[in-house]
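Structure first, then comments.
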There are 2 protein chains.
Amino acid sequence: MLFAIAQINPVTGALRQNAAGIRHFYEKARDRGAGLVIFPEMALTGSIPQDLLRYSRFLAETEDLIKVQLAPLTAHSPGAMLLGTCYRHQDKLYNAALLLKEGKVAAFYPKQVLESRAPFQEHSYFSAGRGSTYEQWHSFTVAIMVGEKSPAPEGGDSAAPSGGKRLLINPTASPYYFGRQQEREKAAAALAKEQCGALLVANMAGGNDELVFDGASLAYNHRGELLCRAASFAEEILYIPATDLFAPAEREHPDAQEDINTLRRALTLGIRDYFTKSGFDRALLGLSGGLDSAVTAALATEALGPEKVLGVLLPSDYSPLHSIEDARDLADNLGIETRTIPIAPFFHAYLQGLNRSGKPEKDLAEENLQARIRGDILMLLANRERRLLLTTGNRSELAVGYCTLYGDMAGAIAVLADLPKLIVYELARSINMSHGQEVIPAHTITKPPSAELRPHQVDEDSLPPYSILDPILAHYLDEMLSPAEIIERGFDEATVLKITALVDRAEHKRRQAAPSLRVISGLSRRIIPIVRGTE
Amino acid sequence: MLFAIAQINPVTGALRQNAAGIRHFYEKARDRGAGLVIFPEMALTGSIPQDLLRYSRFLAETEDLIKVQLAPLTAHSPGAMLLGTCYRHQDKLYNAALLLKEGKVAAFYPKQVLESRAPFQEHSYFSAGRGSTYEQWHSFTVAIMVGEKSPAPEGGDSAAPSGGKRLLINPTASPYYFGRQQEREKAAAALAKEQCGALLVANMAGGNDELVFDGASLAYNHRGELLCRAASFAEEILYIPATDLFAPAEREHPDAQEDINTLRRALTLGIRDYFTKSGFDRALLGLSGGLDSAVTAALATEALGPEKVLGVLLPSDYSPLHSIEDARDLADNLGIETRTIPIAPFFHAYLQGLNRSGKPEKDLAEENLQARIRGDILMLLANRERRLLLTTGNRSELAVGYCTLYGDMAGAIAVLADLPKLIVYELARSINMSHGQEVIPAHTITKPPSAELRPHQVDEDSLPPYSILDPILAHYLDEMLSPAEIIERGFDEATVLKITALVDRAEHKRRQAAPSLRVISGLSRRIIPIVRGTE
């Protein structure tokens, strides 16, 4: 018996297209002799369908496709299929895996532990299934567990294997976040070992809105030894002979190594799928000569190709010459087209019309106005040329609100909005390293970050160095420590109080921010009321 | 024995301020002789605290306040308090009502049916409690049910009342939506009748971000007859003598009457609390001479007072003279300040800089640009004068994407974004009716709606009349009918396909829309993936 894990990249909501893809993968694996082809959680619908699930026509269409197209594939075939999909049963809707066999839905296995966090919010769509149990399949004792939080099957570790080899099958759609792979493999190995069962994890691949599913599906033998691991961030079929599942591993697989390049691949796939799945192929972004726009441009170039990326230089009267030079150098290195549109004429038109003196008042409102003029220009070009605008801001500045709503926050997808500034630096260095040359100009990396919205402005005028800011933000936003607790960890009191107050005050901005690739925070991105008491 | 329902308006997250308010209401009711003062669900934290609940310091602070300030109030008093708050118990967090009595937490009653929908997502914060049961309190058999979806207590209808008068107490924080009050009262009356128990419903009042809690707390006798109803959209203490609860009602209360004015009061409170709770008192908005901005201005004037509202006229070269006149008439009628800033100079500066010819290309990109210039100006004034910008778009246009991201969609709070255009008309007429004069100029109501982004443009050039559009949108977005099902109901096929495609295509805009007062859709506002297959 040969098992196959079909690690596919479905398009959310594109049911017929996904069914065709499932058919293609199934037939390929069956022709190779697979007796069971395992698809990820929600393979037919894509993940996550959100309120598409509230349309009964959508549900009916999934059922039709299963009945008319997918189940029949297994009719005169020794190969069965385990398919992740939404499934109605007795007036309830489940996130389930269906066993398609001999032309029919032979069994269904509902997900037990629903993901409550945004954007999944599965409790508002699905009923939870009962605990999974072992059952007899030929010579195997099998338990199907849907989703990443599935608890071990009932009666697992206490009862002796009831006359067969134990096999755990886990179709899942687990989004990537940094550090995820090691965590996932550790848990998988422990489960296999504890249950004395082989384990097959079928994960989804592909970017969908803010989430990037990273694939890296897994097979473990009954001793919890890793047998094979599918590609990360790509489709693949993984074949596992049953004999391997219950024998010692032939060779030792190194532990998952995750480094800054893993993150880079996640971001690249996130960009690429955002574009291709929504029918766009061309991007544009503002190039400031600074780090964030340089890294975003490099990632977009990797994702879409240099001929699809337009860099727009939008210097203000406060932009030093080196900014323009750095931006041009970057574009030359990447081989992308640029246009240069100084914003001063537009800015002066506003000053003439809005300030009694006709001259700048040099207040925060005018700093924001300049950022918004840039946004207007970029959006005009995006609308006119059918491009998507990439937002370039990083998480550190978004957290403290050092960004302009409707200005530099504008865009279709924010590439770096989940990355602390220090990680953006790492990413820049790794991009240069892998190109074997300074694609991102050294000066862009070494100069002090600046919004360039007033003369000689640099971020550290008003913020602590990122080496202080980023850890404070991590304590406050990820570990949910209170300001007092952060101060207890040795940070300067005034700094902590200032930073946490800035973070709280910027909630309204983040609520209108462009969607962003959640590659660090995963599902735990903080959201608090906009209107709050501050005591 | 006298019961009191303290229908308060807490500020989300302002724990000390809310505790002081609770104390004030408690003491007032106790001094009137109340033996039990009932507060709404989450009275101490405000609703909804979202990720504030993930800070253990926040939870600890609620516990401190209860222990040090609130429970002690009941120490030497015959008056107990039933307080809605978050509550940790055996490593789990509950949304609970605490019985504070004789200086201590005498009992806690966790919410059983958690609200899974956004923005509540209670499954991601709280554990669900077990079913509520009846217990003996003096001569009463009492059951405490937290939240609006509480099922009837166990053993209710079958078992005979166990030696006492049955009393159901339901602390809740139920947000308002249109039609809600009748629905709520019908369910409450039915529950009381079915359980042969008196029922006290303590609802929250006040606006919090997108939600407006409408109060209208209720008391029913054991026959399901309404005894009294608290004010809508305001704080109040409702006193109910125990004797009334188990006697026939002395007079018949008319059923809740909800009309367009209820909606208007919800919107007004929503605006007012959005401002006052976040420390702002001044608003501005663009006045186009059209219906939406006129109604928004009238509501803002009701909420904040005319001296706090600034109307900005931003005519383009395509704005007919009557638009300016209508906007000025409106402002005069409302007594609000206006400023007029024609956008042509800014628009021409952009055309000079961006179009090779220096002349308009008259494409969609330039229509959007004009809307964004208006947004830039409004945001500059908002930033400079510490005002909040009100967004004026209605739900019909937001649904089909007839609005410009970062342009007319900009703002702190969108007042009408939940209202179909036909309801905005009704609201306009009701505002004029209640003023006894045409505060909103007749011409504003009767002229054909237009975005005025190109010459002689009117909405019905590209959209069906609102009398067709709005029902299609209701079928598609509220009832979740598929296009095919809507066509089956007798709508024109081409129109339905066009409208539903427009709606789907505008998902990315709505995702970056300003927060809006959810007074119609409640918690059921549709969200689908931005990146989707279209088949």
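Residues are named by chain letter and number: chains run A, B, ... in the order of the structure tokens, numbers start at 1 in each chain, and ligands are numbered from 1 in the order shown.
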inquiry  = Should the cut-off be 6 Å, what would the residue list for chain A against chain B look like, counting only C-alpha atoms, as a PyMOL selection string?
reply    = chain A and resi 11-14+50-51+55+116-117+123-124+209+278+346+349+365+380+383-384+406+480+512+527-528+531-533
Backbone-only DSSP, alpha helix (DSSP H) members of range 127-315 of chain A, as a tab-separated table (two decimals) with all heavy atoms, in the first residue's frame:
chain	number	residue	atom	x	y	z
A	180	ARG	N	7.36	28.54	13.03
A	180	ARG	CA	6.27	27.61	13.01
A	180	ARG	C	6.68	26.17	12.72
A	180	ARG	O	6.16	25.22	13.31
A	180	ARG	CB	5.28	28.06	11.94
A	180	ARG	CG	4.03	27.24	11.87
A	180	ARG	CD	3.43	27.30	13.25
A	180	ARG	NE	2.26	26.46	13.35
A	180	ARG	CZ	1.05	26.83	12.96
A	180	ARG	NH1	0.86	28.01	12.46
A	180	ARG	NH2	0.04	26.01	13.10
A	181	GLN	N	7.62	26.04	11.78
A	181	GLN	CA	7.93	24.71	11.27
A	181	GLN	C	8.52	23.83	12.37
A	181	GLN	O	8.12	22.68	12.55
A	181	GLN	CB	8.90	24.87	10.11
A	181	GLN	CG	8.73	23.84	9.04
A	181	GLN	CD	9.54	24.23	7.81
A	181	GLN	OE1	9.53	25.39	7.40
A	181	GLN	NE2	10.25	23.29	7.25
A	182	GLN	N	9.43	24.38	13.12
A	182	GLN	CA	10.05	23.59	14.19
A	182	GLN	C	9.01	23.20	15.24
A	182	GLN	O	8.98	22.06	15.71
A	182	GLN	CB	11.17	24.39	14.85
A	182	GLN	CG	12.42	24.42	13.96
A	182	GLN	CD	13.52	25.29	14.54
A	182	GLN	OE1	13.55	25.52	15.75
A	182	GLN	NE2	14.40	25.76	13.69
A	183	GLU	N	8.18	24.16	15.57
A	183	GLU	CA	7.14	23.93	16.57
A	183	GLU	C	6.19	22.82	16.09
A	183	GLU	O	5.85	21.89	16.85
A	183	GLU	CB	6.38	25.25	16.68
A	183	GLU	CG	5.36	25.37	17.75
A	183	GLU	CD	4.64	26.73	17.57
A	183	GLU	OE1	5.25	27.79	17.84
A	183	GLU	OE2	3.47	26.71	17.15
A	184	ARG	N	5.81	22.90	14.83
A	184	ARG	CA	4.88	21.93	14.26
A	184	ARG	C	5.50	20.52	14.23
A	184	ARG	O	4.87	19.53	14.58
A	184	ARG	CB	4.54	22.37	12.85
A	184	ARG	CG	3.39	21.66	12.20
A	184	ARG	CD	3.36	22.01	10.73
A	184	ARG	NE	2.80	23.33	10.45
A	184	ARG	CZ	3.18	24.09	9.43
A	184	ARG	NH1	4.13	23.70	8.60
A	184	ARG	NH2	2.60	25.26	9.25
A	185	GLU	N	6.77	20.45	13.86
A	185	GLU	CA	7.42	19.13	13.75
A	185	GLU	C	7.68	18.51	15.11
A	185	GLU	O	7.60	17.30	15.28
A	185	GLU	CB	8.71	19.26	12.92
A	185	GLU	CG	8.38	19.70	11.50
A	185	GLU	CD	9.54	19.56	10.51
A	185	GLU	OE1	10.58	18.99	10.87
A	185	GLU	OE2	9.36	20.02	9.36
A	186	LYS	N	7.96	19.37	16.06
A	186	LYS	CA	8.18	18.86	17.42
A	186	LYS	C	6.89	18.22	17.94
A	186	LYS	O	6.89	17.12	18.48
A	186	LYS	CB	8.59	20.03	18.32
A	186	LYS	CG	9.53	19.65	19.43
A	186	LYS	CD	10.03	20.90	20.12
A	186	LYS	CE	10.19	20.63	21.62
A	186	LYS	NZ	10.56	21.83	22.36
A	187	ALA	N	5.79	18.91	17.75
A	187	ALA	CA	4.50	18.41	18.21
A	187	ALA	C	4.12	17.13	17.46
A	187	ALA	O	3.60	16.17	18.06
A	187	ALA	CB	3.42	19.47	18.01
A	188	ALA	N	4.39	17.10	16.15
A	188	ALA	CA	4.02	15.93	15.35
A	188	ALA	C	4.83	14.71	15.79
A	188	ALA	O	4.27	13.62	15.99
A	188	ALA	CB	4.25	16.23	13.86
A	189	ALA	N	6.11	14.90	15.97
A	189	ALA	CA	6.96	13.78	16.38
A	189	ALA	C	6.51	13.25	17.75
A	189	ALA	O	6.42	12.04	17.98
A	189	ALA	CB	8.42	14.21	16.43
A	190	ALA	N	6.19	14.17	18.64
A	190	ALA	CA	5.76	13.77	19.99
A	190	ALA	C	4.45	12.98	19.93
A	190	ALA	O	4.29	11.97	20.63
A	190	ALA	CB	5.61	15.01	20.87
A	191	LEU	N	3.53	13.43	19.08
A	191	LEU	CA	2.25	12.74	18.96
A	191	LEU	C	2.44	11.32	18.44
A	191	LEU	O	1.87	10.37	18.98
A	191	LEU	CB	1.33	13.53	18.02
A	191	LEU	CG	-0.02	12.87	17.73
A	191	LEU	CD1	-0.92	12.89	18.96
A	191	LEU	CD2	-0.74	13.57	16.56
A	192	ALA	N	3.24	11.18	17.38
A	192	ALA	CA	3.47	9.86	16.80
A	192	ALA	C	4.07	8.93	17.84
A	192	ALA	O	3.64	7.79	18.03
A	192	ALA	CB	4.39	9.97	15.59
A	193	LYS	N	5.04	9.45	18.55
A	193	LYS	CA	5.75	8.64	19.55
A	193	LYS	C	4.80	8.22	20.67
A	193	LYS	O	4.74	7.04	21.05
A	193	LYS	CB	6.89	9.50	20.12
A	193	LYS	CG	8.08	8.70	20.57
A	193	LYS	CD	9.25	9.62	20.80
A	193	LYS	CE	10.37	8.86	21.48
A	193	LYS	NZ	11.52	9.74	21.73
A	194	GLU	N	4.08	9.18	21.17
A	194	GLU	CA	3.18	8.95	22.31
A	194	GLU	C	2.08	7.95	21.94
A	194	GLU	O	1.67	7.12	22.76
A	194	GLU	CB	2.59	10.31	22.70
A	194	GLU	CG	1.43	10.31	23.63
A	194	GLU	CD	0.64	11.62	23.45
A	194	GLU	OE1	1.25	12.69	23.59
A	194	GLU	OE2	-0.57	11.55	23.13
A	195	GLN	N	1.61	8.02	20.71
A	195	GLN	CA	0.54	7.14	20.26
A	195	GLN	C	1.08	5.83	19.68
A	195	GLN	O	0.29	4.98	19.26
A	195	GLN	CB	-0.31	7.85	19.20
A	195	GLN	CG	-1.07	9.06	19.71
A	195	GLN	CD	-2.32	8.68	20.49
A	195	GLN	OE1	-3.11	7.84	20.06
A	195	GLN	NE2	-2.50	9.27	21.66
A	242	ALA	N	3.57	2.17	2.77
A	242	ALA	CA	3.09	1.78	4.10
A	242	ALA	C	4.19	1.07	4.89
A	242	ALA	O	4.30	1.25	6.11
A	242	ALA	CB	1.88	0.86	3.96
A	243	THR	N	5.00	0.31	4.19
A	243	THR	CA	6.06	-0.44	4.90
A	243	THR	C	7.00	0.50	5.63
A	243	THR	O	7.50	0.18	6.71
A	243	THR	CB	6.87	-1.28	3.89
A	243	THR	OG1	7.16	-0.44	2.76
A	243	THR	CG2	6.10	-2.50	3.45
A	244	ASP	N	7.24	1.68	5.04
A	244	ASP	CA	8.14	2.64	5.69
A	244	ASP	C	7.57	3.15	7.01
A	244	ASP	O	8.31	3.56	7.91
A	244	ASP	CB	8.38	3.86	4.79
A	244	ASP	CG	9.23	3.52	3.58
A	244	ASP	OD1	9.51	2.32	3.38
A	244	ASP	OD2	9.60	4.45	2.84
A	245	LEU	N	6.23	3.16	7.09
A	245	LEU	CA	5.60	3.78	8.26
A	245	LEU	C	5.82	3.00	9.54
A	245	LEU	O	5.72	3.55	10.63
A	245	LEU	CB	4.08	3.94	8.02
A	245	LEU	CG	3.69	4.96	6.95
A	245	LEU	CD1	2.20	4.88	6.66
A	245	LEU	CD2	4.07	6.38	7.38
A	260	ILE	N	16.04	33.35	8.10
A	260	ILE	CA	15.44	34.53	7.50
A	260	ILE	C	14.98	34.25	6.07
A	260	ILE	O	14.03	34.85	5.57
A	260	ILE	CB	16.44	35.71	7.59
A	260	ILE	CG1	15.77	37.03	7.30
A	260	ILE	CG2	17.66	35.48	6.72
A	260	ILE	CD1	14.94	37.55	8.42
A	261	ASN	N	15.60	33.26	5.43
A	261	ASN	CA	15.19	32.94	4.06
A	261	ASN	C	13.84	32.24	4.00
A	261	ASN	O	13.14	32.34	2.99
A	261	ASN	CB	16.25	32.09	3.37
A	261	ASN	CG	17.34	32.98	2.81
A	261	ASN	OD1	17.03	33.91	2.07
A	261	ASN	ND2	18.57	32.74	3.20
A	262	THR	N	13.51	31.53	5.05
A	262	THR	CA	12.17	30.92	5.12
A	262	THR	C	11.13	32.02	5.10
A	262	THR	O	10.12	31.97	4.39
A	262	THR	CB	12.02	30.08	6.41
A	262	THR	OG1	13.24	29.42	6.67
A	262	THR	CG2	10.90	29.10	6.28
A	263	LEU	N	11.39	33.03	5.91
A	263	LEU	CA	10.49	34.18	5.99
A	263	LEU	C	10.38	34.86	4.63
A	263	LEU	O	9.29	35.25	4.19
A	263	LEU	CB	11.07	35.16	7.01
A	263	LEU	CG	10.19	36.29	7.48
A	263	LEU	CD1	8.96	35.74	8.18
A	263	LEU	CD2	10.97	37.18	8.45
A	264	ARG	N	11.51	34.96	3.98
A	264	ARG	CA	11.54	35.61	2.67
A	264	ARG	C	10.70	34.83	1.66
A	264	ARG	O	9.96	35.41	0.86
A	264	ARG	CB	13.00	35.67	2.23
A	264	ARG	CG	13.25	36.40	0.96
A	264	ARG	CD	14.76	36.51	0.78
A	264	ARG	NE	15.14	36.53	-0.60
A	264	ARG	CZ	16.36	36.23	-1.03
A	264	ARG	NH1	17.30	35.84	-0.15
A	264	ARG	NH2	16.64	36.30	-2.31
A	265	ARG	N	10.79	33.51	1.71
A	265	ARG	CA	10.00	32.71	0.78
A	265	ARG	C	8.51	32.83	1.09
A	265	ARG	O	7.67	32.84	0.19
A	265	ARG	CB	10.45	31.25	0.85
A	265	ARG	CG	11.87	31.06	0.29
A	265	ARG	CD	12.35	29.64	0.47
A	265	ARG	NE	11.55	28.70	-0.29
A	265	ARG	CZ	11.45	27.41	0.00
A	265	ARG	NH1	12.07	26.91	1.07
A	265	ARG	NH2	10.73	26.62	-0.75
A	266	ALA	N	8.20	32.92	2.36
A	266	ALA	CA	6.79	33.10	2.76
A	266	ALA	C	6.26	34.42	2.17
A	266	ALA	O	5.17	34.47	1.61
A	266	ALA	CB	6.66	33.10	4.28
A	267	LEU	N	7.05	35.47	2.31
A	267	LEU	CA	6.60	36.78	1.82
A	267	LEU	C	6.47	36.77	0.29
A	267	LEU	O	5.53	37.32	-0.27
A	267	LEU	CB	7.60	37.86	2.26
A	267	LEU	CG	7.65	38.11	3.77
A	267	LEU	CD1	8.86	38.97	4.13
A	267	LEU	CD2	6.36	38.80	4.23
A	268	THR	N	7.43	36.13	-0.36
A	268	THR	CA	7.41	36.09	-1.82
A	268	THR	C	6.17	35.35	-2.32
A	268	THR	O	5.47	35.81	-3.23
A	268	THR	CB	8.69	35.41	-2.33
A	268	THR	OG1	9.80	36.01	-1.67
A	268	THR	CG2	8.84	35.57	-3.81
A	269	LEU	N	5.89	34.21	-1.69
A	269	LEU	CA	4.69	33.46	-2.08
A	269	LEU	C	3.43	34.26	-1.77
A	269	LEU	O	2.48	34.27	-2.56
A	269	LEU	CB	4.66	32.11	-1.36
A	269	LEU	CG	3.43	31.24	-1.66
A	269	LEU	CD1	3.32	30.91	-3.15
A	269	LEU	CD2	3.45	29.96	-0.84
A	270	GLY	N	3.44	34.92	-0.62
A	270	GLY	CA	2.29	35.74	-0.23
A	270	GLY	C	1.99	36.80	-1.28
A	270	GLY	O	0.84	37.02	-1.67
A	271	ILE	N	3.04	37.47	-1.75
A	271	ILE	CA	2.86	38.49	-2.80
A	271	ILE	C	2.36	37.84	-4.09
A	271	ILE	O	1.38	38.27	-4.69
A	271	ILE	CB	4.19	39.23	-3.09
A	271	ILE	CG1	4.68	39.99	-1.87
A	271	ILE	CG2	4.02	40.18	-4.28
A	271	ILE	CD1	6.10	40.54	-2.03
A	272	ARG	N	3.05	36.79	-4.51
A	272	ARG	CA	2.75	36.19	-5.80
A	272	ARG	C	1.29	35.71	-5.85
A	272	ARG	O	0.56	36.02	-6.79
A	272	ARG	CB	3.70	35.04	-6.10
A	272	ARG	CG	3.53	34.51	-7.54
A	272	ARG	CD	4.42	33.29	-7.79
A	272	ARG	NE	5.80	33.57	-7.46
A	272	ARG	CZ	6.53	32.89	-6.57
A	272	ARG	NH1	6.01	31.87	-5.92
A	272	ARG	NH2	7.78	33.21	-6.35
A	273	ASP	N	0.89	34.99	-4.82
A	273	ASP	CA	-0.48	34.47	-4.84
A	273	ASP	C	-1.52	35.58	-4.70
A	273	ASP	O	-2.61	35.48	-5.26
A	273	ASP	CB	-0.66	33.40	-3.76
A	273	ASP	CG	-0.18	32.03	-4.23
A	273	ASP	OD1	0.32	31.94	-5.38
A	273	ASP	OD2	-0.28	31.05	-3.47
A	274	TYR	N	-1.17	36.63	-3.95
A	274	TYR	CA	-2.12	37.75	-3.85
A	274	TYR	C	-2.40	38.32	-5.24
A	274	TYR	O	-3.55	38.63	-5.58
A	274	TYR	CB	-1.56	38.86	-2.95
A	274	TYR	CG	-2.63	39.80	-2.44
A	274	TYR	CD1	-3.23	39.58	-1.21
A	274	TYR	CD2	-3.06	40.88	-3.20
A	274	TYR	CE1	-4.22	40.42	-0.74
A	274	TYR	CE2	-4.06	41.71	-2.75
A	274	TYR	CZ	-4.63	41.48	-1.52
A	274	TYR	OH	-5.64	42.31	-1.06
A	275	PHE	N	-1.38	38.43	-6.03
A	275	PHE	CA	-1.54	38.97	-7.38
A	275	PHE	C	-2.21	37.96	-8.31
A	275	PHE	O	-3.25	38.24	-8.89
A	275	PHE	CB	-0.17	39.38	-7.95
A	275	PHE	CG	0.25	40.74	-7.52
A	275	PHE	CD1	0.64	40.99	-6.21
A	275	PHE	CD2	0.26	41.81	-8.41
A	275	PHE	CE1	1.02	42.26	-5.80
A	275	PHE	CE2	0.64	43.08	-8.02
A	275	PHE	CZ	1.02	43.31	-6.71
A	276	THR	N	-1.60	36.79	-8.45
A	276	THR	CA	-2.10	35.88	-9.48
A	276	THR	C	-3.51	35.42	-9.17
A	276	THR	O	-4.35	35.35	-10.07
A	276	THR	CB	-1.18	34.66	-9.64
A	276	THR	OG1	-1.06	34.02	-8.37
A	276	THR	CG2	0.21	35.07	-10.10
A	277	LYS	N	-3.81	35.15	-7.91
A	277	LYS	CA	-5.14	34.65	-7.60
A	277	LYS	C	-6.21	35.73	-7.76
A	277	LYS	O	-7.39	35.42	-7.84
A	277	LYS	CB	-5.18	34.07	-6.18
A	277	LYS	CG	-4.40	32.76	-6.04
A	277	LYS	CD	-4.50	32.19	-4.63
A	277	LYS	CE	-3.75	30.87	-4.52
A	277	LYS	NZ	-3.85	30.30	-3.15
A	291	LEU	N	14.96	51.76	3.70
A	291	LEU	CA	15.08	50.31	3.82
A	291	LEU	C	13.80	49.57	3.45
A	291	LEU	O	13.83	48.58	2.72
A	291	LEU	CB	15.47	49.97	5.26
A	291	LEU	CG	15.78	48.50	5.54
A	291	LEU	CD1	17.09	48.12	4.89
A	291	LEU	CD2	15.81	48.24	7.03
A	292	ASP	N	12.66	50.03	3.99
A	292	ASP	CA	11.42	49.27	3.82
A	292	ASP	C	11.01	49.17	2.35
A	292	ASP	O	10.65	48.10	1.87
A	292	ASP	CB	10.28	49.93	4.62
A	292	ASP	CG	10.56	49.91	6.10
A	292	ASP	OD1	11.29	49.02	6.58
A	292	ASP	OD2	10.03	50.79	6.81
A	293	SER	N	11.08	50.29	1.65
A	293	SER	CA	10.67	50.24	0.25
A	293	SER	C	11.67	49.44	-0.57
A	293	SER	O	11.29	48.75	-1.54
A	293	SER	CB	10.45	51.64	-0.32
A	293	SER	OG	11.63	52.40	-0.27
A	294	ALA	N	12.93	49.47	-0.17
A	294	ALA	CA	13.94	48.69	-0.90
A	294	ALA	C	13.67	47.19	-0.74
A	294	ALA	O	13.68	46.42	-1.71
A	294	ALA	CB	15.34	49.04	-0.39
A	295	VAL	N	13.41	46.78	0.47
A	295	VAL	CA	13.17	45.35	0.72
A	295	VAL	C	11.87	44.91	0.04
A	295	VAL	O	11.80	43.84	-0.57
A	295	VAL	CB	13.15	45.06	2.24
A	295	VAL	CG1	12.67	43.65	2.52
A	295	VAL	CG2	14.53	45.28	2.84
A	296	THR	N	10.85	45.76	0.14
A	296	THR	CA	9.57	45.42	-0.52
A	296	THR	C	9.77	45.28	-2.03
A	296	THR	O	9.25	44.35	-2.65
A	296	THR	CB	8.52	46.50	-0.21
A	296	THR	OG1	8.40	46.64	1.21
A	296	THR	CG2	7.16	46.12	-0.78
A	297	ALA	N	10.53	46.20	-2.61
A	297	ALA	CA	10.78	46.14	-4.06
A	297	ALA	C	11.53	44.86	-4.42
A	297	ALA	O	11.22	44.20	-5.42
A	297	ALA	CB	11.56	47.37	-4.50
A	298	ALA	N	12.51	44.50	-3.60
A	298	ALA	CA	13.28	43.29	-3.89
A	298	ALA	C	12.39	42.05	-3.81
A	298	ALA	O	12.46	41.16	-4.66
A	298	ALA	CB	14.46	43.18	-2.91
A	299	LEU	N	11.52	42.01	-2.80
A	299	LEU	CA	10.63	40.85	-2.66
A	299	LEU	C	9.62	40.80	-3.81
A	299	LEU	O	9.33	39.73	-4.35
A	299	LEU	CB	9.88	40.91	-1.32
A	299	LEU	CG	10.76	40.76	-0.07
A	299	LEU	CD1	9.94	41.08	1.18
A	299	LEU	CD2	11.32	39.34	0.03
A	300	ALA	N	9.10	41.96	-4.20
A	300	ALA	CA	8.14	42.00	-5.30
A	300	ALA	C	8.80	41.55	-6.60
A	300	ALA	O	8.19	40.86	-7.42
A	300	ALA	CB	7.56	43.40	-5.44
A	301	THR	N	10.04	41.94	-6.76
A	301	THR	CA	10.78	41.54	-7.96
A	301	THR	C	10.97	40.02	-7.98
A	301	THR	O	10.80	39.37	-9.02
A	301	THR	CB	12.13	42.27	-8.00
A	301	THR	OG1	11.88	43.68	-7.95
A	301	THR	CG2	12.90	41.95	-9.27
A	302	GLU	N	11.30	39.46	-6.83
A	302	GLU	CA	11.42	38.00	-6.76
A	302	GLU	C	10.08	37.32	-7.07
A	302	GLU	O	10.03	36.29	-7.71
A	302	GLU	CB	11.85	37.57	-5.35
A	302	GLU	CG	13.33	37.73	-5.09
A	302	GLU	CD	13.74	37.24	-3.69
A	302	GLU	OE1	13.04	36.35	-3.11
A	302	GLU	OE2	14.74	37.75	-3.19
A	303	ALA	N	9.01	37.93	-6.56
A	303	ALA	CA	7.69	37.28	-6.68
A	303	ALA	C	7.11	37.41	-8.08
A	303	ALA	O	6.48	36.47	-8.57
A	303	ALA	CB	6.72	37.89	-5.66
A	304	LEU	N	7.29	38.56	-8.70
A	304	LEU	CA	6.55	38.86	-9.93
A	304	LEU	C	7.43	39.02	-11.15
A	304	LEU	O	6.95	39.02	-12.28
A	304	LEU	CB	5.74	40.16	-9.74
A	304	LEU	CG	4.82	40.21	-8.52
A	304	LEU	CD1	4.26	41.61	-8.33
A	304	LEU	CD2	3.68	39.20	-8.65
key: Near-Phe39 in chain A list (7 Å; only C-alpha atoms; drop same-chain fewer than 3 positions) as a list in words   =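 In the requested form, the answer reads Ile5, Ala6, Gln7, Ala43, Leu82, Leu83, Gly84, Pro171 and Ala202 of chain A.
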query = At what distance in Å, to one decimal, does CA of Asp281 in chain B lie from CA of Arg454 in chain A?
reply = 29.4 Å
message = List the spatial neighbours of Ser232 in chain B as a list in words - criterion: any atom at most 7 Å away, only C-alpha atoms, same-chain residues fewer than 6 positions off excluded.
response =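 Within the cut-off, the hits are Asp214, Gly215 and Ala216 of chain B.
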task = Write down as an MDAnalysis selection string the residues belonging to range 327-492 of chain A that are assigned strand (DSSP E or B) by DSSP computed on the backbone.
result = chainID A and resid 337:340 388:391 413:414
Exercise: Leu93 in chain A partners within 6 Å, only C-alpha atoms, chain neighbours under 3 positions left out, as a list in words =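 Close residues of Leu93 in chain A: Tyr87, Arg88, Phe126 and Ser127 of chain A.
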Those residues you just picked out, can you put them in a file as a PDB file, in the first residue's frame with C-alpha atoms?
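File selection.pdb, as written:
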ATOM      1  CA  TYR A  87     -19.723  19.386   4.905  1.00  0.00           C
ATOM      2  CA  ARG A  88     -23.369  19.554   5.966  1.00  0.00           C
ATOM      3  CA  PHE A 126     -18.927  25.296  12.047  1.00  0.00           C
ATOM      4  CA  SER A 127     -20.142  22.867  14.640  1.00  0.00           C
TER       5      SER A 127
END
